[in-house]
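Participant: coords-v3.txt (compact mmCIF, C-alpha atoms) pasted underneath:
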# COMPACT_ATOMS: atom_id res chain seq x y z
CA MET A 1 3.73 -17.28 -30.30
CA GLN A 2 3.41 -16.56 -26.58
CA LYS A 3 3.07 -12.84 -25.84
CA LEU A 4 3.93 -11.64 -22.34
CA ASP A 5 3.36 -8.11 -21.07
CA LYS A 6 5.44 -6.29 -18.50
CA ASN A 7 3.30 -7.45 -15.57
CA SER A 8 4.04 -11.10 -16.42
CA ILE A 9 7.58 -10.58 -15.09
CA PHE A 10 6.09 -10.31 -11.61
CA GLN A 11 4.12 -13.58 -11.64
CA GLY A 12 4.98 -17.28 -11.44
CA ASN A 13 6.49 -19.96 -9.22
CA LEU A 14 10.02 -18.59 -9.53
CA ILE A 15 9.47 -14.95 -8.63
CA LEU A 16 12.15 -13.60 -6.31
CA VAL A 17 10.63 -11.54 -3.51
CA ASN A 18 12.98 -9.83 -1.07
CA GLN A 19 14.23 -6.42 0.08
CA ASN A 20 15.54 -5.55 -3.38
CA TYR A 21 12.64 -6.97 -5.37
CA PRO A 22 9.31 -6.35 -3.63
CA LEU A 23 6.07 -7.97 -4.68
CA ARG A 24 4.48 -6.20 -7.65
CA CYS A 25 1.37 -8.32 -8.28
CA THR A 26 -1.17 -9.86 -5.93
CA ILE A 27 -2.53 -13.36 -6.37
CA ALA A 28 -6.18 -13.73 -7.34
CA ALA A 29 -8.43 -15.25 -4.68
CA LYS A 30 -9.64 -17.90 -7.14
CA ASN A 31 -6.08 -19.26 -7.30
CA LEU A 32 -5.89 -19.86 -3.55
CA CYS A 33 -7.07 -22.98 -1.75
CA PRO A 34 -6.60 -24.65 1.67
CA ALA A 35 -3.13 -26.09 2.14
CA PHE A 36 -4.20 -28.61 4.80
CA LYS A 37 -7.12 -30.99 5.12
CA TYR A 38 -7.76 -30.04 8.74
CA GLN A 39 -6.68 -26.38 8.60
CA SER A 40 -8.92 -24.74 6.03
CA GLU A 41 -7.88 -21.27 7.18
CA ILE A 42 -4.32 -21.72 5.88
CA LEU A 43 -4.27 -20.98 2.17
CA MET A 44 -1.69 -21.39 -0.58
CA GLN A 45 -1.55 -20.88 -4.33
CA ARG A 46 -3.37 -23.82 -5.87
CA GLU A 47 -0.45 -25.64 -7.50
CA SER A 48 1.75 -25.34 -4.40
CA ALA A 49 -1.10 -26.57 -2.17
CA VAL A 50 -1.66 -29.61 -4.42
CA MET A 51 2.04 -30.47 -4.39
CA LEU A 52 2.28 -29.99 -0.62
CA ASN A 53 -0.55 -32.48 -0.17
CA LYS A 54 1.15 -34.95 -2.51
CA LEU A 55 4.29 -34.62 -0.39
CA LEU A 56 2.36 -35.18 2.84
CA ARG A 57 0.66 -38.24 1.37
CA GLU A 58 4.05 -39.62 0.39
CA LEU A 59 5.22 -39.18 3.99
CA ASN A 60 2.06 -40.95 5.18
CA LYS A 61 2.99 -44.18 3.42
CA GLY A 62 3.71 -46.86 5.99
CA VAL A 63 2.75 -44.58 8.91
CA SER A 64 -0.07 -45.69 11.18
CA GLU A 65 -1.12 -42.15 12.19
CA GLU A 66 -1.81 -39.33 9.75
CA ILE A 67 1.12 -37.01 9.17
CA ASN A 68 -1.09 -34.08 10.25
CA ASN A 69 -0.75 -35.39 13.79
CA PHE A 70 2.98 -34.60 13.62
CA ILE A 71 3.30 -31.68 11.17
CA VAL A 72 0.92 -28.73 11.18
CA GLY A 73 0.65 -25.51 9.24
CA VAL A 74 1.38 -22.23 10.99
CA SER A 75 1.06 -19.60 8.28
CA GLY A 76 0.47 -19.66 4.54
CA TYR A 77 -0.85 -16.88 2.33
CA ARG A 78 -1.08 -13.44 3.90
CA THR A 79 -2.60 -10.24 2.58
CA LYS A 80 -0.53 -7.06 2.71
CA SER A 81 -2.59 -5.80 5.65
CA GLU A 82 -2.00 -9.05 7.54
CA GLN A 83 1.75 -8.78 6.92
CA GLU A 84 1.69 -5.17 8.13
CA GLU A 85 -0.10 -6.21 11.32
CA ILE A 86 2.33 -9.07 12.00
CA PHE A 87 5.32 -6.77 11.42
CA ASP A 88 3.96 -4.00 13.65
CA ASP A 89 2.99 -6.41 16.43
CA SER A 90 6.46 -7.96 16.38
CA LEU A 91 8.05 -4.51 16.55
CA LYS A 92 6.10 -3.80 19.73
CA GLU A 93 6.72 -7.19 21.32
CA ASN A 94 10.23 -8.11 20.12
CA GLY A 95 11.95 -4.91 18.98
CA ARG A 96 13.35 -3.87 15.59
CA GLU A 97 16.45 -6.10 15.45
CA PHE A 98 14.47 -9.31 16.03
CA THR A 99 11.63 -8.25 13.76
CA GLU A 100 13.81 -7.33 10.79
CA LYS A 101 15.65 -10.63 11.16
CA TYR A 102 12.58 -12.87 11.19
CA VAL A 103 9.66 -10.87 9.79
CA ALA A 104 9.70 -9.45 6.26
CA PHE A 105 8.51 -5.94 5.53
CA PRO A 106 5.11 -5.74 3.82
CA ASP A 107 5.43 -6.44 0.06
CA GLN A 108 8.79 -8.11 0.74
CA SER A 109 7.23 -11.24 2.22
CA GLU A 110 6.96 -14.51 0.32
CA HIS A 111 3.77 -15.21 2.24
CA GLN A 112 2.00 -12.62 0.10
CA THR A 113 2.73 -14.71 -3.00
CA GLY A 114 0.83 -17.76 -1.76
CA LEU A 115 3.92 -19.85 -2.50
CA ALA A 116 5.31 -20.01 1.05
CA ILE A 117 4.31 -22.06 4.06
CA ASP A 118 5.51 -22.04 7.68
CA LEU A 119 5.34 -25.47 9.29
CA ALA A 120 5.66 -26.69 12.85
CA GLU A 121 6.17 -29.88 14.74
CA ASN A 122 2.81 -30.44 16.42
CA ARG A 123 3.22 -29.33 20.03
CA GLU A 124 0.96 -27.99 22.73
CA GLU A 125 2.41 -24.49 22.26
CA ILE A 126 3.57 -23.22 18.84
CA ASP A 127 5.43 -19.94 18.37
CA PHE A 128 3.85 -18.12 15.40
CA ILE A 129 7.04 -16.22 14.47
CA ARG A 130 9.58 -18.99 15.14
CA PRO A 131 7.84 -22.38 15.22
CA LYS A 132 9.87 -25.50 15.92
CA PHE A 133 10.63 -27.68 12.90
CA PRO A 134 13.72 -29.70 13.92
CA TYR A 135 16.30 -31.38 11.73
CA GLN A 136 15.24 -34.82 12.89
CA GLY A 137 12.31 -37.21 12.91
CA ILE A 138 9.34 -36.64 10.62
CA CYS A 139 10.35 -33.01 10.05
CA GLN A 140 13.67 -34.09 8.58
CA LYS A 141 11.90 -36.73 6.48
CA PHE A 142 9.84 -33.87 5.07
CA ARG A 143 13.05 -32.06 4.08
CA ILE A 144 14.50 -35.17 2.46
CA LYS A 145 11.42 -35.56 0.24
CA MET A 146 10.51 -31.92 -0.37
CA ALA A 147 12.59 -31.21 -3.49
CA ASP A 148 10.87 -34.05 -5.36
CA PHE A 149 7.65 -32.07 -4.95
CA GLY A 150 9.05 -28.62 -5.73
CA PHE A 151 9.80 -27.23 -2.26
CA ILE A 152 12.95 -25.68 -0.81
CA GLU A 153 13.95 -24.55 2.67
CA ARG A 154 14.13 -20.90 1.75
CA TYR A 155 16.19 -19.27 4.50
CA LYS A 156 19.19 -21.33 5.54
CA LYS A 157 21.76 -20.27 8.10
CA GLU A 158 24.64 -20.36 5.62
CA LYS A 159 22.76 -18.10 3.19
CA GLN A 160 21.90 -15.26 5.57
CA LYS A 161 24.29 -12.79 3.93
CA ILE A 162 22.55 -13.42 0.61
CA THR A 163 18.90 -13.59 1.70
CA LYS A 164 19.21 -10.90 4.42
CA ILE A 165 16.86 -13.07 6.51
CA GLY A 166 17.80 -15.05 9.61
CA ALA A 167 17.76 -18.85 9.49
CA GLU A 168 14.16 -20.10 9.34
CA PRO A 169 14.05 -23.93 9.44
CA TRP A 170 10.24 -23.72 9.42
CA HIS A 171 9.79 -21.65 6.23
CA PHE A 172 9.36 -23.52 2.94
CA ARG A 173 8.88 -22.09 -0.52
CA TYR A 174 7.39 -23.70 -3.59
CA VAL A 175 9.50 -23.13 -6.72
CA GLY A 176 8.33 -26.15 -8.69
CA VAL A 177 9.80 -29.25 -10.28
CA PRO A 178 12.65 -29.67 -11.13
CA HIS A 179 13.91 -26.30 -9.86
CA ALA A 180 13.89 -27.35 -6.21
CA GLU A 181 16.10 -30.37 -7.03
CA ILE A 182 18.56 -28.24 -9.00
CA MET A 183 18.82 -25.66 -6.23
CA GLN A 184 19.35 -28.42 -3.68
CA ARG A 185 21.98 -30.19 -5.79
CA TYR A 186 24.03 -27.03 -6.35
CA GLY A 187 23.40 -25.51 -2.93
CA MET A 188 21.84 -22.30 -4.22
CA ALA A 189 19.47 -19.86 -2.54
CA LEU A 190 16.75 -18.50 -4.79
CA GLU A 191 18.70 -15.24 -5.19
CA GLU A 192 21.65 -17.22 -6.57
CA TYR A 193 19.50 -19.46 -8.74
CA ILE A 194 17.82 -16.54 -10.52
CA VAL A 195 21.23 -15.12 -11.46
CA TRP A 196 22.66 -18.56 -12.40
CA LEU A 197 19.82 -19.27 -14.82
CA LYS A 198 20.62 -16.21 -16.91
CA GLN A 199 23.52 -18.01 -18.57
CA PHE A 200 21.06 -20.48 -20.16
CA SER A 201 19.29 -18.53 -22.88
CA PHE A 202 16.10 -20.10 -24.22
CA PRO A 203 15.79 -21.98 -26.52
CA ASP A 204 19.27 -22.44 -28.03
CA HIS A 205 21.36 -22.72 -24.87
CA SER A 206 18.92 -24.17 -22.35
CA PHE A 207 20.02 -26.13 -19.28
CA THR A 208 19.17 -29.85 -19.33
CA TRP A 209 18.04 -31.74 -16.22
CA TRP A 210 16.87 -35.33 -15.93
CA LYS A 211 14.29 -36.41 -13.36
CA GLY A 212 13.85 -40.15 -13.70
CA ASP A 213 13.21 -40.77 -17.39
CA ARG A 214 11.87 -37.25 -18.00
CA GLU A 215 14.08 -34.60 -19.58
CA PHE A 216 13.68 -30.93 -18.66
CA LYS A 217 14.96 -27.99 -20.67
CA ILE A 218 15.22 -24.74 -18.72
CA GLY A 219 16.12 -21.37 -20.17
CA TYR A 220 15.99 -17.63 -19.52
CA VAL A 221 14.43 -14.95 -21.71
CA LYS A 222 15.15 -11.29 -21.01
CA ALA A 223 12.00 -9.17 -21.00
CA GLU A 224 11.49 -6.61 -23.73
CA GLU A 225 10.47 -3.06 -22.89
CA THR A 226 6.73 -3.58 -23.43
CA LEU A 227 5.86 -6.98 -24.94
CA THR A 228 7.99 -10.12 -24.91
CA LYS A 229 7.30 -12.71 -27.63
CA ILE A 230 8.39 -16.32 -27.11
CA ASP A 231 7.97 -18.93 -29.83
CA LEU A 232 6.80 -22.18 -28.21
CA SER A 233 5.36 -23.80 -31.33
CA GLN A 234 8.04 -26.51 -31.46
CA TYR A 235 7.26 -27.52 -27.86
CA GLY A 236 3.66 -28.64 -28.33
CA GLU A 237 0.45 -27.00 -27.27
CA GLN A 238 0.83 -23.29 -26.66
CA GLY A 239 -0.85 -21.72 -23.68
CA GLN A 240 -0.82 -24.88 -21.59
CA GLU A 241 1.49 -23.17 -19.10
CA ASP A 242 -1.62 -21.30 -17.92
CA LYS A 243 -3.38 -24.53 -16.96
CA LYS A 244 -1.42 -24.86 -13.74
CA ASP A 245 -3.85 -22.44 -12.06
CA ASP A 246 -6.56 -25.08 -12.51
CA LEU A 247 -4.39 -28.03 -11.45
CA ALA A 248 -6.55 -30.72 -9.88
CA GLU A 249 -5.43 -33.13 -7.19
CA GLY A 250 -4.69 -36.03 -9.53
CA GLU A 251 -3.33 -34.10 -12.53
CA GLU A 252 0.25 -33.71 -13.65
CA LEU A 253 1.91 -30.35 -14.27
CA PRO A 254 1.86 -29.07 -17.86
CA ASP A 255 4.83 -29.75 -20.13
CA ILE A 256 5.55 -26.04 -20.64
CA GLN A 257 5.66 -23.54 -17.80
CA ILE A 258 6.60 -19.88 -17.91
CA SER A 259 7.47 -17.91 -14.79
CA GLY A 260 8.58 -14.36 -14.38
CA ASN A 261 11.54 -13.85 -12.05
CA ASN A 262 10.28 -10.52 -10.58
CA VAL A 263 13.57 -8.98 -11.74
CA ASP A 264 14.03 -8.66 -15.48
CA GLY A 265 12.73 -11.63 -17.42
CA PHE A 266 11.22 -15.07 -17.71
CA ILE A 267 12.19 -18.67 -17.00
CA ILE A 268 10.89 -21.28 -19.41
CA THR A 269 10.63 -24.91 -18.25
CA TYR A 270 9.87 -27.56 -20.83
CA ALA A 271 9.48 -31.24 -19.95
CA GLN A 272 9.46 -34.13 -22.38
Would you write the structure of this file as structure tokens?
Facilitator:
Amino acid sequence: MQKLDKNSIFQGNLILVNQNYPLRCTIAAKNLCPAFKYQSEILMQRESAVMLNKLLRELNKGVSEEINNFIVGVSGYRTKSEQEEIFDDSLKENGREFTEKYVAFPDQSEHQTGLAIDLAENREEIDFIRPKFPYQGICQKFRIKMADFGFIERYKKEKQKITKIGAEPWHFRYVGVPHAEIMQRYGMALEEYIVWLKQFSFPDHSFTWWKGDREFKIGYVKAEETLTKIDLSQYGEQGQEDKKDDLAEGEELPDIQISGNNVDGFIITYAQ
């Protein structure tokens, strides 16, 4: 029996962080690691960094030069104080309208989760707030492959009314496999996906998704007032969902993963 306390709602790959649902938990330093081989200062949550590197290696296949010569990191994990500084600096330089469109308020930024990465096409000059990541060339190849590795383009132009953030073609968010594929297939922003999943109660009415020959069962569990108990005994080894924090470069993700949604419950993902 898996027992989850109230704080568990605010942790996991599928947490929704925005104006309505600010960040409630900070990521432990031990769960952060460099997102790029040649940019050790840019950090991400360990699992998302591993999957980003797998994606970049996939893009490197058949390419004479390393992909890092074409795609570079701009910003990954940020502390609250770093987000405050970026927001305040943008207010001074760009004004409130621009800043609120492209820079999240502190504790409303996905960068504080360690699950978000801003990327840029490698150029002599790169704008930190709005880097160029065009819908063509190697950047578009990244987008075509990204869902297979758990990434989504978080802030699309057509979803601005929902996300309350301007279009950011450079900002990518790790939500995990197969959630990125499902969101892409159905054209959902994360805000929409979190609501959509609530119709699939775990375990009796879970949503089924096939990725190759692997079947995924995905379901929602509403959080109890203090302690939420979830019976995972029929799904194999209990507790293995915690192993993702120690995911090594060559390892696969665990069969069972639990993520809070930062709203009111949990999303269970079981692969077989």
Participant: Counting only C-alpha atoms, which residues have an atom no more than 12 Å from (4.2, -6.5, -14.9) in the file's coordinates? Please list them as a PyMOL selection string.
Facilitator: chain A and resi 4-12+15+23-26+223-228+259-266
Participant: Would you give me, as a tab-separated table, each residue of stretch 123-170 of chain A having an atom within 10 Å of an atom of stretch 36-51 of chain A, along with its shortest atom pair and that distance in Å to one decimal, using all atoms listed in the file and sorting by chain and residue number?
Facilitator:
residue	atom	partner	partner_atom	distance
A:Met146	CA	A:Met51	CA	9.5
A:Asp148	CA	A:Met51	CA	9.6
A:Phe149	CA	A:Met51	CA	5.9
A:Gly150	CA	A:Met51	CA	7.4
A:Phe151	CA	A:Ser48	CA	8.5
Participant: A:Val195, A:Ile268, A:Leu119, A:Ile165: which is nearest A:Phe207, counting all atoms listed in the file?
Facilitator: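 So, comparing all the options, the nearest one is A:Ile268.
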Participant: From the set A:Ser81, A:Ser233, A:Thr208, A:Asn122, which residue has the shortest atom-to-atom contact distance to A:Ala271, counting all atoms listed in the file?
Facilitator: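 Among the listed residues, the smallest separation from A:Ala271 belongs to A:Thr208.
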Participant: Name the residues in contact with A:Thr269 at a cut-off of 6 Å, using only C-alpha atoms, excluding same-chain residues fewer than 6 positions from it; report them as a list of chain:residue names.
Facilitator: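 Once the adjacent positions are removed, what remains is A:Lys217, A:Ile218, A:Ile256, A:Gln257.
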Participant: Taking (20.8, -7.1, 6.3) in the coordinates of the supplied file, I want to know which residues reach to within 12 Å of it, counting only C-alpha atoms; could you give the answer as a PyMOL selection string?
Facilitator: chain A and resi 18-20+97-102+104+159-166
Participant: Excluding A:Arg154 and any residue of its chain fewer than 4 positions from it, enumerate the residues within 10 Å of it, using only C-alpha atoms, and give them as a VMD selection string.
Facilitator: chain A and resid 110 116 159 163 165 167 to 175 188 to 190
Participant: Any chance you can output those residues with C-alpha atoms as a compact mmCIF listing (two decimals), in the coordinates of the input?
Facilitator:
# COMPACT_ATOMS: atom_id res chain seq x y z
CA GLU A 110 6.96 -14.51 0.32
CA ALA A 116 5.31 -20.01 1.05
CA LYS A 159 22.76 -18.10 3.19
CA THR A 163 18.90 -13.59 1.70
CA ILE A 165 16.86 -13.07 6.51
CA ALA A 167 17.76 -18.85 9.49
CA GLU A 168 14.16 -20.10 9.34
CA PRO A 169 14.05 -23.93 9.44
CA TRP A 170 10.24 -23.72 9.42
CA HIS A 171 9.79 -21.65 6.23
CA PHE A 172 9.36 -23.52 2.94
CA ARG A 173 8.88 -22.09 -0.52
CA TYR A 174 7.39 -23.70 -3.59
CA VAL A 175 9.50 -23.13 -6.72
CA MET A 188 21.84 -22.30 -4.22
CA ALA A 189 19.47 -19.86 -2.54
CA LEU A 190 16.75 -18.50 -4.79
Participant: Which one is closest to A:Tyr235: A:Gln272, A:Asp204, A:Phe128, A:Val72? Count only C-alpha atoms.
Facilitator: A:Gln272
Participant: Please compute the atom CA of A:Lys211-atom CA of A:Gln136 distance, one decimal, in Å.
Facilitator: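 Going from atom CA of A:Lys211 over to atom CA of A:Gln136, I get 26.3 Å.
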Participant: Between atom CA of A:Gly176 and atom CA of A:Gly76, what is the spacing in Å?
Facilitator: 16.7 Å
Participant: Could you please determine the separation between atom CA of A:Phe216 and atom CA of A:Tyr270 in Å, to one decimal place?
Facilitator: 5.5 Å
Participant: For A:Gln199, which residue out of A:Ile144, A:Ile267, A:Cys139, A:Met183 is the nearest one, using all atoms listed in the file?
Facilitator: A:Ile267
Participant: Here is a test: counting all atoms listed in the file, which residue of A:Lys80, A:Gly114, A:Phe70, A:Asn94 is nearest to A:Pro34?
Facilitator: A:Gly114
Participant: For stretch 210-233 of chain A, where the input has fewer atoms than it should, I would like N, CA and C atoms rebuilt and written as a short mmCIF file (atom, residue, chain, number, x, y, z; two decimals), in the coordinates of the input.
Facilitator:
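To be explicit, this is the file written out as out.cif:
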data_model
loop_
_atom_site.label_atom_id
_atom_site.label_comp_id
_atom_site.auth_asym_id
_atom_site.auth_seq_id
_atom_site.Cartn_x
_atom_site.Cartn_y
_atom_site.Cartn_z
N TRP A 210 17.65 -34.10 -15.87
CA TRP A 210 16.87 -35.33 -15.93
C TRP A 210 16.27 -35.63 -14.57
N LYS A 211 14.98 -35.94 -14.57
CA LYS A 211 14.29 -36.41 -13.36
C LYS A 211 13.67 -37.74 -13.72
N GLY A 212 14.28 -38.82 -13.26
CA GLY A 212 13.85 -40.15 -13.70
C GLY A 212 14.09 -40.28 -15.19
N ASP A 213 13.07 -40.65 -15.94
CA ASP A 213 13.21 -40.77 -17.39
C ASP A 213 12.66 -39.55 -18.11
N ARG A 214 12.41 -38.47 -17.39
CA ARG A 214 11.87 -37.25 -18.00
C ARG A 214 12.96 -36.18 -18.12
N GLU A 215 13.07 -35.62 -19.32
CA GLU A 215 14.08 -34.60 -19.58
C GLU A 215 13.46 -33.21 -19.50
N PHE A 216 14.12 -32.32 -18.77
CA PHE A 216 13.68 -30.93 -18.66
C PHE A 216 14.68 -30.01 -19.35
N LYS A 217 14.16 -29.06 -20.08
CA LYS A 217 14.96 -27.99 -20.67
C LYS A 217 14.53 -26.69 -19.99
N ILE A 218 15.51 -25.96 -19.47
CA ILE A 218 15.22 -24.74 -18.72
C ILE A 218 16.04 -23.60 -19.30
N GLY A 219 15.40 -22.49 -19.59
CA GLY A 219 16.12 -21.37 -20.17
C GLY A 219 15.55 -20.03 -19.75
N TYR A 220 16.34 -19.00 -19.92
CA TYR A 220 15.99 -17.63 -19.52
C TYR A 220 15.73 -16.78 -20.75
N VAL A 221 14.73 -15.93 -20.65
CA VAL A 221 14.43 -14.95 -21.71
C VAL A 221 14.35 -13.57 -21.07
N LYS A 222 15.17 -12.66 -21.54
CA LYS A 222 15.15 -11.29 -21.01
C LYS A 222 13.89 -10.58 -21.52
N ALA A 223 13.23 -9.87 -20.64
CA ALA A 223 12.00 -9.17 -21.00
C ALA A 223 12.29 -7.98 -21.90
N GLU A 224 11.42 -7.80 -22.88
CA GLU A 224 11.49 -6.61 -23.73
C GLU A 224 10.82 -5.45 -23.00
N GLU A 225 10.95 -4.27 -23.56
CA GLU A 225 10.47 -3.06 -22.89
C GLU A 225 8.96 -3.10 -22.62
N THR A 226 8.18 -3.56 -23.61
CA THR A 226 6.73 -3.58 -23.43
C THR A 226 6.14 -4.98 -23.57
N LEU A 227 6.44 -5.67 -24.66
CA LEU A 227 5.86 -6.98 -24.94
C LEU A 227 6.96 -7.96 -25.33
N THR A 228 7.00 -9.09 -24.62
CA THR A 228 7.99 -10.12 -24.91
C THR A 228 7.32 -11.28 -25.65
N LYS A 229 7.86 -11.63 -26.83
CA LYS A 229 7.30 -12.71 -27.63
C LYS A 229 8.21 -13.93 -27.56
N ILE A 230 7.63 -15.08 -27.23
CA ILE A 230 8.39 -16.32 -27.11
C ILE A 230 7.73 -17.38 -27.98
N ASP A 231 8.49 -17.92 -28.91
CA ASP A 231 7.97 -18.93 -29.83
C ASP A 231 8.04 -20.30 -29.17
N LEU A 232 6.87 -20.87 -28.85
CA LEU A 232 6.80 -22.18 -28.21
C LEU A 232 6.21 -23.24 -29.14
N SER A 233 6.06 -22.91 -30.41
CA SER A 233 5.36 -23.80 -31.33
C SER A 233 6.02 -25.17 -31.45
#
